[in-house]
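**Q** Contents are PDB, C-alpha atoms, pLDDT in the B column; file name protein.pdb:
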ATOM      1  CA  MET A 222       0.000   0.000   0.000  1.00 66.00           C
ATOM      2  CA  GLY A 223       2.890   2.362   0.739  1.00 72.00           C
ATOM      3  CA  ARG A 224       4.377   1.734  -2.700  1.00 75.00           C
ATOM      4  CA  LEU A 225       1.011   2.257  -4.338  1.00 75.00           C
ATOM      5  CA  ALA A 226       0.469   5.514  -2.452  1.00 80.00           C
ATOM      6  CA  LEU A 227       3.904   6.740  -3.584  1.00 82.00           C
ATOM      7  CA  VAL A 228       3.134   5.892  -7.207  1.00 78.00           C
ATOM      8  CA  LEU A 229      -0.209   7.720  -7.054  1.00 78.00           C
ATOM      9  CA  TRP A 230       1.392  10.735  -5.398  1.00 82.00           C
ATOM     10  CA  ARG A 231       3.944  10.990  -8.203  1.00 81.00           C
ATOM     11  CA  TYR A 232       1.243  10.577 -10.827  1.00 80.00           C
ATOM     12  CA  TRP A 233      -0.968  13.257  -9.275  1.00 82.00           C
ATOM     13  CA  SER A 234       1.796  15.760  -8.552  1.00 83.00           C
ATOM     14  CA  THR A 235       3.000  15.519 -12.148  1.00 81.00           C
ATOM     15  CA  SER A 236      -0.489  15.948 -13.605  1.00 79.00           C
ATOM     16  CA  LEU A 237      -1.290  18.871 -11.293  1.00 79.00           C
ATOM     17  CA  GLN A 238       1.928  20.640 -12.247  1.00 77.00           C
ATOM     18  CA  ALA A 239       1.004  20.287 -15.899  1.00 75.00           C
ATOM     19  CA  GLU A 240      -2.571  21.505 -15.352  1.00 72.00           C
ATOM     20  CA  LEU A 241      -1.615  24.471 -13.150  1.00 73.00           C
ATOM     21  CA  GLU A 242       0.519  25.989 -15.872  1.00 72.00           C
ATOM     22  CA  TYR A 243      -2.757  27.603 -16.955  1.00 72.00           C
ATOM     23  CA  ARG A 244      -4.015  28.937 -13.625  1.00 70.00           C
ATOM     24  CA  SER A 245      -6.400  31.424 -15.171  1.00 75.00           C
ATOM     25  CA  ASN A 246      -8.441  28.429 -16.344  1.00 76.00           C
ATOM     26  CA  PHE A 247      -9.337  27.795 -12.709  1.00 75.00           C
ATOM     27  CA  LEU A 248     -11.037  31.194 -12.427  1.00 80.00           C
ATOM     28  CA  VAL A 249     -12.907  30.591 -15.668  1.00 81.00           C
ATOM     29  CA  GLN A 250     -14.004  27.174 -14.429  1.00 78.00           C
ATOM     30  CA  ALA A 251     -15.074  28.623 -11.081  1.00 83.00           C
ATOM     31  CA  LEU A 252     -17.175  31.241 -12.855  1.00 87.00           C
ATOM     32  CA  GLY A 253     -18.714  28.568 -15.068  1.00 87.00           C
ATOM     33  CA  SER A 254     -19.520  26.446 -12.005  1.00 85.00           C
ATOM     34  CA  VAL A 255     -21.233  29.371 -10.278  1.00 87.00           C
ATOM     35  CA  LEU A 256     -23.319  30.142 -13.359  1.00 89.00           C
ATOM     36  CA  SER A 257     -24.262  26.492 -13.908  1.00 88.00           C
ATOM     37  CA  LEU A 258     -25.232  25.914 -10.282  1.00 88.00           C
ATOM     38  CA  SER A 259     -27.145  29.201 -10.157  1.00 90.00           C
ATOM     39  CA  GLY A 260     -29.078  28.156 -13.240  1.00 91.00           C
ATOM     40  CA  SER A 261     -29.915  24.809 -11.649  1.00 89.00           C
ATOM     41  CA  ILE A 262     -31.090  26.491  -8.440  1.00 91.00           C
ATOM     42  CA  PHE A 263     -33.232  28.871 -10.489  1.00 92.00           C
ATOM     43  CA  SER A 264     -34.743  25.924 -12.392  1.00 89.00           C
ATOM     44  CA  LEU A 265     -35.481  24.182  -9.101  1.00 89.00           C
ATOM     45  CA  SER A 266     -37.154  27.314  -7.737  1.00 90.00           C
ATOM     46  CA  LEU A 267     -39.410  27.448 -10.802  1.00 88.00           C
ATOM     47  CA  PHE A 268     -40.756  23.997  -9.973  1.00 86.00           C
ATOM     48  CA  TYR A 269     -41.579  25.136  -6.449  1.00 86.00           C
ATOM     49  CA  ARG A 270     -43.486  28.148  -7.680  1.00 84.00           C
ATOM     50  CA  GLY A 271     -45.956  25.520  -8.835  1.00 75.00           C
ATOM     51  CA  LYS A 272     -46.600  22.208  -7.113  1.00 77.00           C
ATOM     52  CA  GLY A 273     -42.963  21.282  -6.521  1.00 79.00           C
ATOM     53  CA  PHE A 274     -41.932  17.661  -6.132  1.00 86.00           C
ATOM     54  CA  PRO A 275     -44.201  15.367  -4.076  1.00 85.00           C
ATOM     55  CA  GLY A 276     -42.735  14.763  -0.621  1.00 86.00           C
ATOM     56  CA  TRP A 277     -39.776  17.117  -1.119  1.00 91.00           C
ATOM     57  CA  THR A 278     -39.426  20.685   0.108  1.00 91.00           C
ATOM     58  CA  PHE A 279     -37.319  23.212  -1.780  1.00 93.00           C
ATOM     59  CA  GLU A 280     -34.518  22.939   0.793  1.00 93.00           C
ATOM     60  CA  GLU A 281     -34.495  19.138   0.495  1.00 93.00           C
ATOM     61  CA  GLY A 282     -34.280  19.538  -3.260  1.00 93.00           C
ATOM     62  CA  LEU A 283     -31.202  21.716  -2.715  1.00 94.00           C
ATOM     63  CA  VAL A 284     -29.537  18.795  -0.921  1.00 94.00           C
ATOM     64  CA  VAL A 285     -30.029  16.624  -4.000  1.00 94.00           C
ATOM     65  CA  LEU A 286     -28.781  19.396  -6.280  1.00 94.00           C
ATOM     66  CA  GLY A 287     -25.728  19.938  -4.079  1.00 94.00           C
ATOM     67  CA  LEU A 288     -24.912  16.238  -4.199  1.00 95.00           C
ATOM     68  CA  TYR A 289     -25.215  16.302  -7.983  1.00 94.00           C
ATOM     69  CA  SER A 290     -22.724  19.185  -8.131  1.00 94.00           C
ATOM     70  CA  VAL A 291     -20.342  17.254  -5.870  1.00 94.00           C
ATOM     71  CA  PHE A 292     -20.482  14.253  -8.187  1.00 93.00           C
ATOM     72  CA  ALA A 293     -20.059  16.492 -11.232  1.00 91.00           C
ATOM     73  CA  GLY A 294     -16.916  17.906  -9.646  1.00 91.00           C
ATOM     74  CA  ALA A 295     -15.579  14.448  -8.819  1.00 91.00           C
ATOM     75  CA  ILE A 296     -16.202  13.319 -12.397  1.00 90.00           C
ATOM     76  CA  ALA A 297     -14.333  16.368 -13.721  1.00 89.00           C
ATOM     77  CA  CYS A 298     -11.449  15.783 -11.301  1.00 89.00           C
ATOM     78  CA  VAL A 299     -10.951  12.046 -11.748  1.00 90.00           C
ATOM     79  CA  LEU A 300     -13.246  10.077 -14.038  1.00 89.00           C
ATOM     80  CA  SER A 301     -13.380  12.237 -17.144  1.00 86.00           C
ATOM     81  CA  PRO A 302      -9.650  13.048 -17.479  1.00 86.00           C
ATOM     82  CA  ASN A 303      -8.672   9.411 -16.892  1.00 88.00           C
ATOM     83  CA  LEU A 304     -11.251   7.212 -18.561  1.00 83.00           C
ATOM     84  CA  SER A 305     -11.487   9.397 -21.659  1.00 81.00           C
ATOM     85  CA  ARG A 306      -7.807   8.628 -22.248  1.00 83.00           C
ATOM     86  CA  ILE A 307      -8.456   4.909 -22.601  1.00 84.00           C
ATOM     87  CA  VAL A 308      -9.787   5.602 -26.078  1.00 82.00           C
ATOM     88  CA  GLN A 309      -6.688   7.654 -26.891  1.00 82.00           C
ATOM     89  CA  HIS A 310      -4.402   4.885 -25.621  1.00 85.00           C
ATOM     90  CA  VAL A 311      -6.130   2.303 -27.810  1.00 82.00           C
ATOM     91  CA  GLU A 312      -6.094   4.534 -30.887  1.00 80.00           C
ATOM     92  CA  ALA A 313      -2.430   5.539 -30.474  1.00 80.00           C
ATOM     93  CA  GLY A 314      -1.226   2.113 -29.384  1.00 80.00           C
ATOM     94  CA  THR A 315       0.148   3.496 -26.115  1.00 83.00           C
ATOM     95  CA  LEU A 316      -1.998   1.121 -24.055  1.00 87.00           C
ATOM     96  CA  ASP A 317       0.899  -1.315 -24.473  1.00 87.00           C
ATOM     97  CA  PHE A 318       3.077   0.854 -22.242  1.00 87.00           C
ATOM     98  CA  VAL A 319       0.388   0.922 -19.555  1.00 87.00           C
ATOM     99  CA  LEU A 320       0.019  -2.854 -19.609  1.00 88.00           C
ATOM    100  CA  LEU A 321       3.791  -3.336 -19.317  1.00 86.00           C
ATOM    101  CA  LYS A 322       4.134  -1.226 -16.170  1.00 84.00           C
ATOM    102  CA  PRO A 323       4.550  -3.103 -12.842  1.00 83.00           C
ATOM    103  CA  VAL A 324       1.329  -1.480 -11.577  1.00 84.00           C
ATOM    104  CA  ASP A 325      -2.192  -2.749 -12.076  1.00 88.00           C
ATOM    105  CA  ALA A 326      -3.346  -1.449 -15.488  1.00 90.00           C
ATOM    106  CA  GLN A 327      -6.947  -0.762 -14.453  1.00 91.00           C
ATOM    107  CA  LEU A 328      -5.777   1.221 -11.438  1.00 89.00           C
ATOM    108  CA  THR A 329      -3.354   3.218 -13.590  1.00 88.00           C
ATOM    109  CA  LEU A 330      -5.993   3.995 -16.208  1.00 90.00           C
ATOM    110  CA  SER A 331      -8.497   4.991 -13.524  1.00 90.00           C
ATOM    111  CA  LEU A 332      -6.302   7.199 -11.305  1.00 88.00           C
ATOM    112  CA  ARG A 333      -3.315   8.264 -13.424  1.00 87.00           C
ATOM    113  CA  VAL A 334      -4.440  11.897 -13.770  1.00 87.00           C
ATOM    114  CA  ILE A 335      -6.121  14.263 -11.352  1.00 87.00           C
ATOM    115  CA  SER A 336      -7.508  17.578 -12.554  1.00 85.00           C
ATOM    116  CA  PRO A 337      -8.227  20.635 -10.373  1.00 84.00           C
ATOM    117  CA  TRP A 338     -10.950  21.975 -12.657  1.00 84.00           C
ATOM    118  CA  GLY A 339     -13.724  20.113 -10.865  1.00 87.00           C
ATOM    119  CA  ILE A 340     -12.866  21.562  -7.451  1.00 88.00           C
ATOM    120  CA  PRO A 341     -15.244  24.567  -7.779  1.00 90.00           C
ATOM    121  CA  ASP A 342     -18.165  22.220  -8.444  1.00 91.00           C
ATOM    122  CA  LEU A 343     -17.149  20.167  -5.398  1.00 93.00           C
ATOM    123  CA  LEU A 344     -16.917  23.161  -3.072  1.00 93.00           C
ATOM    124  CA  PHE A 345     -20.056  24.928  -4.279  1.00 93.00           C
ATOM    125  CA  GLY A 346     -21.960  21.649  -4.215  1.00 93.00           C
ATOM    126  CA  ILE A 347     -20.982  21.027  -0.599  1.00 94.00           C
ATOM    127  CA  GLY A 348     -22.064  24.567   0.285  1.00 94.00           C
ATOM    128  CA  VAL A 349     -25.497  24.155  -1.323  1.00 94.00           C
ATOM    129  CA  MET A 350     -25.948  20.730   0.262  1.00 94.00           C
ATOM    130  CA  VAL A 351     -25.085  21.981   3.759  1.00 93.00           C
ATOM    131  CA  TYR A 352     -27.382  24.998   3.365  1.00 94.00           C
ATOM    132  CA  GLY A 353     -30.266  22.815   2.207  1.00 92.00           C
ATOM    133  CA  ALA A 354     -29.766  20.277   5.008  1.00 92.00           C
ATOM    134  CA  ARG A 355     -29.690  22.973   7.692  1.00 91.00           C
ATOM    135  CA  HIS A 356     -32.852  24.686   6.466  1.00 90.00           C
ATOM    136  CA  ALA A 357     -34.796  21.519   5.664  1.00 88.00           C
ATOM    137  CA  PRO A 358     -37.542  20.357   8.037  1.00 85.00           C
ATOM    138  CA  ALA A 359     -36.126  18.617  11.091  1.00 73.00           C
ATOM    139  CA  HIS A 360     -35.143  15.013  10.387  1.00 77.00           C
ATOM    140  CA  ASP A 361     -33.115  12.454  12.288  1.00 78.00           C
ATOM    141  CA  GLY A 362     -30.600  11.889   9.511  1.00 79.00           C
ATOM    142  CA  SER A 363     -27.118  10.397   9.601  1.00 84.00           C
ATOM    143  CA  VAL A 364     -24.092  12.056   8.043  1.00 89.00           C
ATOM    144  CA  ALA A 365     -22.119   8.811   8.313  1.00 90.00           C
ATOM    145  CA  LEU A 366     -24.737   6.801   6.425  1.00 90.00           C
ATOM    146  CA  ALA A 367     -24.991   9.559   3.829  1.00 92.00           C
ATOM    147  CA  LEU A 368     -21.213   9.448   3.295  1.00 93.00           C
ATOM    148  CA  VAL A 369     -21.388   5.688   2.800  1.00 94.00           C
ATOM    149  CA  GLY A 370     -24.192   6.270   0.303  1.00 93.00           C
ATOM    150  CA  VAL A 371     -22.064   8.846  -1.538  1.00 94.00           C
ATOM    151  CA  ALA A 372     -19.155   6.396  -1.676  1.00 95.00           C
ATOM    152  CA  CYS A 373     -21.448   3.708  -3.096  1.00 95.00           C
ATOM    153  CA  GLY A 374     -22.783   6.186  -5.650  1.00 93.00           C
ATOM    154  CA  ALA A 375     -19.246   7.081  -6.707  1.00 93.00           C
ATOM    155  CA  LEU A 376     -18.339   3.412  -7.184  1.00 94.00           C
ATOM    156  CA  ILE A 377     -21.518   2.841  -9.202  1.00 93.00           C
ATOM    157  CA  ILE A 378     -20.673   5.720 -11.537  1.00 92.00           C
ATOM    158  CA  TYR A 379     -17.099   4.491 -11.860  1.00 93.00           C
ATOM    159  CA  GLY A 380     -18.199   0.944 -12.689  1.00 92.00           C
ATOM    160  CA  LEU A 381     -20.603   2.136 -15.381  1.00 90.00           C
ATOM    161  CA  TRP A 382     -18.143   4.603 -16.894  1.00 89.00           C
ATOM    162  CA  PHE A 383     -15.244   2.134 -16.910  1.00 92.00           C
ATOM    163  CA  VAL A 384     -17.323  -0.521 -18.667  1.00 91.00           C
ATOM    164  CA  VAL A 385     -18.288   1.995 -21.358  1.00 87.00           C
ATOM    165  CA  ALA A 386     -14.675   3.156 -21.728  1.00 87.00           C
ATOM    166  CA  THR A 387     -13.431  -0.436 -21.973  1.00 89.00           C
ATOM    167  CA  THR A 388     -15.554  -1.041 -25.064  1.00 88.00           C
ATOM    168  CA  SER A 389     -13.021   1.155 -26.918  1.00 85.00           C
ATOM    169  CA  VAL A 390     -10.936  -2.014 -27.297  1.00 85.00           C
ATOM    170  CA  TRP A 391     -13.467  -3.025 -29.980  1.00 86.00           C
ATOM    171  CA  PHE A 392     -15.080   0.319 -30.883  1.00 80.00           C
ATOM    172  CA  THR A 393     -12.664   3.233 -30.730  1.00 69.00           C
ATOM    173  CA  LYS A 394     -15.304   5.856 -31.504  1.00 69.00           C
ATOM    174  CA  ILE A 395     -17.252   5.750 -28.248  1.00 71.00           C
ATOM    175  CA  TYR A 396     -17.345   9.486 -27.527  1.00 66.00           C
ATOM    176  CA  ASN A 397     -21.075   9.581 -28.251  1.00 66.00           C
ATOM    177  CA  ALA A 398     -21.650   6.761 -25.762  1.00 64.00           C
ATOM    178  CA  THR A 399     -19.876   8.661 -22.974  1.00 69.00           C
ATOM    179  CA  GLU A 400     -21.915  11.774 -23.770  1.00 72.00           C
ATOM    180  CA  VAL A 401     -25.122   9.751 -23.564  1.00 71.00           C
ATOM    181  CA  LEU A 402     -23.985   8.411 -20.180  1.00 77.00           C
ATOM    182  CA  ARG A 403     -23.184  11.926 -19.010  1.00 77.00           C
ATOM    183  CA  GLY A 404     -26.605  13.096 -20.179  1.00 78.00           C
ATOM    184  CA  LEU A 405     -28.347  10.311 -18.266  1.00 78.00           C
ATOM    185  CA  LEU A 406     -26.428  11.219 -15.129  1.00 83.00           C
ATOM    186  CA  ASP A 407     -27.850  14.745 -15.423  1.00 86.00           C
ATOM    187  CA  ALA A 408     -31.169  13.273 -14.296  1.00 87.00           C
ATOM    188  CA  GLY A 409     -29.650  13.061 -10.807  1.00 89.00           C
ATOM    189  CA  ARG A 410     -29.798  16.820 -10.297  1.00 89.00           C
ATOM    190  CA  PHE A 411     -33.444  16.534  -9.135  1.00 90.00           C
ATOM    191  CA  PRO A 412     -35.128  14.066  -6.730  1.00 91.00           C
ATOM    192  CA  MET A 413     -36.517  10.942  -8.357  1.00 91.00           C
ATOM    193  CA  ALA A 414     -39.990  12.152  -7.361  1.00 89.00           C
ATOM    194  CA  ALA A 415     -39.658  14.698 -10.166  1.00 88.00           C
ATOM    195  CA  TYR A 416     -40.021  11.979 -12.807  1.00 90.00           C
ATOM    196  CA  PRO A 417     -42.907   9.727 -13.886  1.00 90.00           C
ATOM    197  CA  ALA A 418     -43.030   6.194 -12.490  1.00 89.00           C
ATOM    198  CA  ALA A 419     -41.545   4.627 -15.641  1.00 90.00           C
ATOM    199  CA  TYR A 420     -38.536   6.969 -15.549  1.00 88.00           C
ATOM    200  CA  ARG A 421     -38.057   6.353 -11.834  1.00 88.00           C
ATOM    201  CA  PHE A 422     -37.851   2.629 -12.568  1.00 88.00           C
ATOM    202  CA  VAL A 423     -35.222   3.212 -15.272  1.00 87.00           C
ATOM    203  CA  PHE A 424     -33.170   5.603 -13.120  1.00 88.00           C
ATOM    204  CA  THR A 425     -33.215   3.143 -10.233  1.00 85.00           C
ATOM    205  CA  PHE A 426     -32.807  -0.316 -11.796  1.00 82.00           C
ATOM    206  CA  VAL A 427     -31.491   0.242 -15.347  1.00 83.00           C
ATOM    207  CA  MET A 428     -29.360   3.379 -15.096  1.00 85.00           C
ATOM    208  CA  PRO A 429     -29.050   3.681 -11.294  1.00 88.00           C
ATOM    209  CA  VAL A 430     -28.872   7.468 -11.090  1.00 89.00           C
ATOM    210  CA  ALA A 431     -31.042   7.407  -7.960  1.00 89.00           C
ATOM    211  CA  PHE A 432     -28.167   5.920  -5.950  1.00 90.00           C
ATOM    212  CA  MET A 433     -25.968   8.858  -6.899  1.00 90.00           C
ATOM    213  CA  THR A 434     -27.972  11.690  -5.354  1.00 91.00           C
ATOM    214  CA  THR A 435     -31.485  10.842  -4.161  1.00 92.00           C
ATOM    215  CA  VAL A 436     -30.542   7.900  -1.925  1.00 92.00           C
ATOM    216  CA  PRO A 437     -27.645   9.695  -0.123  1.00 93.00           C
ATOM    217  CA  ALA A 438     -29.877  12.775   0.268  1.00 92.00           C
ATOM    218  CA  GLU A 439     -32.633  10.694   1.866  1.00 92.00           C
ATOM    219  CA  LEU A 440     -30.100   9.141   4.256  1.00 91.00           C
ATOM    220  CA  LEU A 441     -28.805  12.599   5.189  1.00 91.00           C
ATOM    221  CA  LEU A 442     -32.317  13.901   5.730  1.00 90.00           C
ATOM    222  CA  GLY A 443     -33.411  10.872   7.762  1.00 87.00           C
ATOM    223  CA  ARG A 444     -35.891   9.721   5.146  1.00 81.00           C
ATOM    224  CA  GLY A 445     -33.981   6.707   3.882  1.00 74.00           C
ATOM    225  CA  GLN A 446     -34.060   3.107   4.981  1.00 77.00           C
ATOM    226  CA  ALA A 447     -31.275   0.638   5.643  1.00 76.00           C
ATOM    227  CA  SER A 448     -32.430  -1.426   2.670  1.00 83.00           C
ATOM    228  CA  MET A 449     -31.553   1.488   0.362  1.00 85.00           C
ATOM    229  CA  LEU A 450     -27.988   1.545   1.625  1.00 88.00           C
ATOM    230  CA  LEU A 451     -27.694  -2.224   1.385  1.00 91.00           C
ATOM    231  CA  GLY A 452     -28.982  -2.081  -2.174  1.00 90.00           C
ATOM    232  CA  ALA A 453     -26.493   0.658  -3.066  1.00 92.00           C
ATOM    233  CA  ALA A 454     -23.604  -1.306  -1.538  1.00 94.00           C
ATOM    234  CA  ALA A 455     -24.631  -4.492  -3.330  1.00 94.00           C
ATOM    235  CA  LEU A 456     -24.930  -2.703  -6.669  1.00 93.00           C
ATOM    236  CA  ALA A 457     -21.604  -0.923  -6.218  1.00 94.00           C
ATOM    237  CA  SER A 458     -19.855  -4.210  -5.389  1.00 96.00           C
ATOM    238  CA  ALA A 459     -21.466  -5.960  -8.351  1.00 95.00           C
ATOM    239  CA  LEU A 460     -20.439  -3.214 -10.770  1.00 94.00           C
ATOM    240  CA  LEU A 461     -16.869  -3.188  -9.468  1.00 94.00           C
ATOM    241  CA  VAL A 462     -16.586  -6.935  -9.971  1.00 96.00           C
ATOM    242  CA  ALA A 463     -18.272  -6.680 -13.373  1.00 95.00           C
ATOM    243  CA  SER A 464     -15.974  -3.865 -14.528  1.00 94.00           C
ATOM    244  CA  ARG A 465     -12.930  -5.885 -13.494  1.00 95.00           C
ATOM    245  CA  ALA A 466     -14.175  -9.017 -15.250  1.00 96.00           C
ATOM    246  CA  PHE A 467     -15.120  -7.035 -18.376  1.00 95.00           C
ATOM    247  CA  TRP A 468     -11.668  -5.402 -18.445  1.00 93.00           C
ATOM    248  CA  ARG A 469      -9.940  -8.786 -18.300  1.00 93.00           C
ATOM    249  CA  PHE A 470     -12.246 -10.089 -21.023  1.00 94.00           C
ATOM    250  CA  ALA A 471     -11.529  -7.062 -23.231  1.00 91.00           C
ATOM    251  CA  LEU A 472      -7.767  -7.504 -22.891  1.00 89.00           C
ATOM    252  CA  LYS A 473      -8.098 -10.923 -24.529  1.00 88.00           C
ATOM    253  CA  SER A 474      -9.216  -9.110 -27.686  1.00 84.00           C
ATOM    254  CA  TYR A 475      -6.567  -6.392 -27.523  1.00 82.00           C
ATOM    255  CA  THR A 476      -3.806  -7.071 -30.054  1.00 77.00           C
ATOM    256  CA  GLY A 477      -1.460  -4.228 -29.220  1.00 68.00           C
ATOM    257  CA  ALA A 478       0.111  -1.522 -31.350  1.00 58.00           C
ATOM    258  CA  SER A 479       1.768  -4.050 -33.637  1.00 55.00           C
ATOM    259  CA  GLY A 480      -1.643  -5.498 -34.598  1.00 52.00           C
TER     260      GLY A 480
END
Translate the structure of the given file into structure tokens.
**A**
Amino acid sequence: MGRLALVLWRYWSTSLQAELEYRSNFLVQALGSVLSLSGSIFSLSLFYRGKGFPGWTFEEGLVVLGLYSVFAGAIACVLSPNLSRIVQHVEAGTLDFVLLKPVDAQLTLSLRVISPWGIPDLLFGIGVMVYGARHAPAHDGSVALALVGVACGALIIYGLWFVVATTSVWFTKIYNATEVLRGLLDAGRFPMAAYPAAYRFVFTFVMPVAFMTTVPAELLLGRGQASMLLGAAALASALLVASRAFWRFALKSYTGASG
């Protein structure tokens, strides 16, 4: 573990040094994050000028929106800059060099780069989430259970994204697929109660967006049940195992740069 931590530290310090050569980009990204989150809050307020979402107050909706922003920031910091490069490695033939390193290839491809551009989304999302939780109706929620739910949601997103990225071994032009996945994840910015029953089924059992924001929010607000957390943990574990198995299966079809 010490050796692995040292390797990751060297990876991350190198990538951060490269990214921070353009520090003005951070201010631009921060401004973009503020505008995007403000637009989402305004959209949420429009719903509550009407009937709102059944069983959710405006402040509780802010908790869900804040969690969505946190996940968006995490995706921008880790998932997007790393997993999008799998396609580039396959196209350029540089995946060979990754496979030859004395470090697990999946781990390297998943955590090689860290980007600071998602930090504004993370910080603003936490701020909105804390504000919403403090002003929501009194509930006997659990921060610890909510954090476990967030961790499960992160692993679920990673498992889905890595499986999609791995298909580049056969289909190098998968950019549209990742955009579709990103678009589906956008459904997590509002509580699942905002959608019709058919969509709620899809976002829970087919594309489990509900476990990304709604389930952790319910645990934080004291509205969730232990079965939700158990379901999230089971799904996260299954997707991690599936992504690992799919990666090993895909490598059997990878022929390398020499063809």
**Q** May I ask for the distance between CA of Thr476 in chain A and CA of Ala326 in chain A, given in Å to one decimal place?
**A** 15.6 Å
**Q** Would you tabulate, counting all atoms listed in the file, all residues of range 418-454 of chain A that have an atom at most 9 Å from an atom of range 341-358 of chain A, showing the closest pair of atoms and their distance in Å to one decimal, sorted by chain then ascending number, as JSON lines?
**A**
{"residue": "A:Ala438", "atom": "CA", "partner": "A:Met350", "partner_atom": "CA", "distance": 8.9}
{"residue": "A:Leu441", "atom": "CA", "partner": "A:Ala354", "partner_atom": "CA", "distance": 7.7}
{"residue": "A:Leu442", "atom": "CA", "partner": "A:Ala354", "partner_atom": "CA", "distance": 6.9}
**Q** Select, from A:Val319, A:Leu300, A:Val427, A:Val436, the residue with the minimum atom-to-atom distance to Met413 in chain A, counting only C-alpha atoms.
**A**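 Of A:Val319, A:Leu300, A:Val427, A:Val436, the one nearest Met413 in chain A is A:Val436, counting only C-alpha atoms.
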**Q** Take the PyMOL selection byres ((chain A and resi 324) around 12), run it mentally on this structure, and tell me the resulting residues as a list in words.
**A**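 Selected by the PyMOL selection byres ((chain A and resi 324) around 12) in this file: Met222, Arg224, Leu225, Ala226, Leu227, Val228, Leu229, Phe318, Val319, Leu320, Leu321, Lys322, Pro323, Asp325, Ala326, Gln327, Leu328, Thr329, Leu330, Ser331, Leu332 and Arg333 of chain A.
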**Q** Considering all atoms listed in the file, return as a PyMOL selection string whatever protein or nucleic-acid residues lie within 12 Å of Tyr420 in chain A, sequence-local ones (same chain, fewer than 6 positions apart) excluded.
**A** chain A and resi 405+408-409+412-414+426-431
**Q** Padding of 3 Å on every side, edges along x, y and z, all listed atoms of range 376-386 of chain A included: what centre and edge lengths in Å, to one decimal, does that box have, as JSON?
**A**
{"center_x": -18.1, "center_y": 2.6, "center_z": -14.5, "size_x": 12.8, "size_y": 12.2, "size_z": 20.5}
**Q** So that I can check the surroundings of range 447-451 of chain A, please list as a list in words every protein, DNA and RNA residue that reaches within 9 Å of it, counting only C-alpha atoms and ignoring chain neighbours fewer than 5 positions away.
**A** Leu366, Ala367, Val369, Gly370, Cys373, Phe432, Val436, Pro437, Leu440 and Leu456 of chain A
**Q** Using CA of Val384 in chain A and CA of Arg421 in chain A as the two end points, give the distance in Å to one decimal.
**A** 22.9 Å
**Q** Can you translate the PyMOL selection byres ((chain A and resi 382) around 8) into the concrete residues it hits in this file, as a PDB file with C-alpha atoms, keeping the file's coordinate frame?
**A**
ATOM      1  CA  LEU A 300     -13.246  10.077 -14.038  1.00 89.00           C
ATOM      2  CA  LEU A 304     -11.251   7.212 -18.561  1.00 83.00           C
ATOM      3  CA  ILE A 378     -20.673   5.720 -11.537  1.00 92.00           C
ATOM      4  CA  TYR A 379     -17.099   4.491 -11.860  1.00 93.00           C
ATOM      5  CA  GLY A 380     -18.199   0.944 -12.689  1.00 92.00           C
ATOM      6  CA  LEU A 381     -20.603   2.136 -15.381  1.00 90.00           C
ATOM      7  CA  PHE A 383     -15.244   2.134 -16.910  1.00 92.00           C
ATOM      8  CA  VAL A 384     -17.323  -0.521 -18.667  1.00 91.00           C
ATOM      9  CA  VAL A 385     -18.288   1.995 -21.358  1.00 87.00           C
ATOM     10  CA  ALA A 386     -14.675   3.156 -21.728  1.00 87.00           C
ATOM     11  CA  THR A 399     -19.876   8.661 -22.974  1.00 69.00           C
ATOM     12  CA  LEU A 402     -23.985   8.411 -20.180  1.00 77.00           C
TER      13      LEU A 402
END
**Q** So how far away is CA of Ile395 in chain A from CA of Asp317 in chain A, in Å?
**A**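 For CA of Asp317 in chain A relative to CA of Ile395 in chain A, the distance reads 19.8 Å.
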**Q** Measuring between all atoms listed in the file, which one of A:Pro337, A:Gly362, A:Gly452, A:Gly287 shows the shortest distance to Ile377 in chain A?
**A**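 Residue with the minimum atom-to-atom distance to Ile377 in chain A: A:Gly452.
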**Q** Give me the result of the PyMOL selection byres ((chain A and resi 245-250) around 10) on this file, residue by residue, as a ChimeraX atom specification.
**A** /A:240-244,251-256,337-342
**Q** For Ser305 in chain A, which residue out of A:Val334, A:Arg410, A:Asp361, A:Val462 is the nearest one, using only C-alpha atoms?
**A**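 For Ser305 in chain A, the nearest of the candidates is A:Val334.
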**Q** Between A:Val423, A:Cys298, A:Ala415, A:Met433, which is the closest to Gly282 in chain A once you count all atoms listed in the file?
**A**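 That would be A:Ala415, the residue with the smallest distance to Gly282 in chain A.
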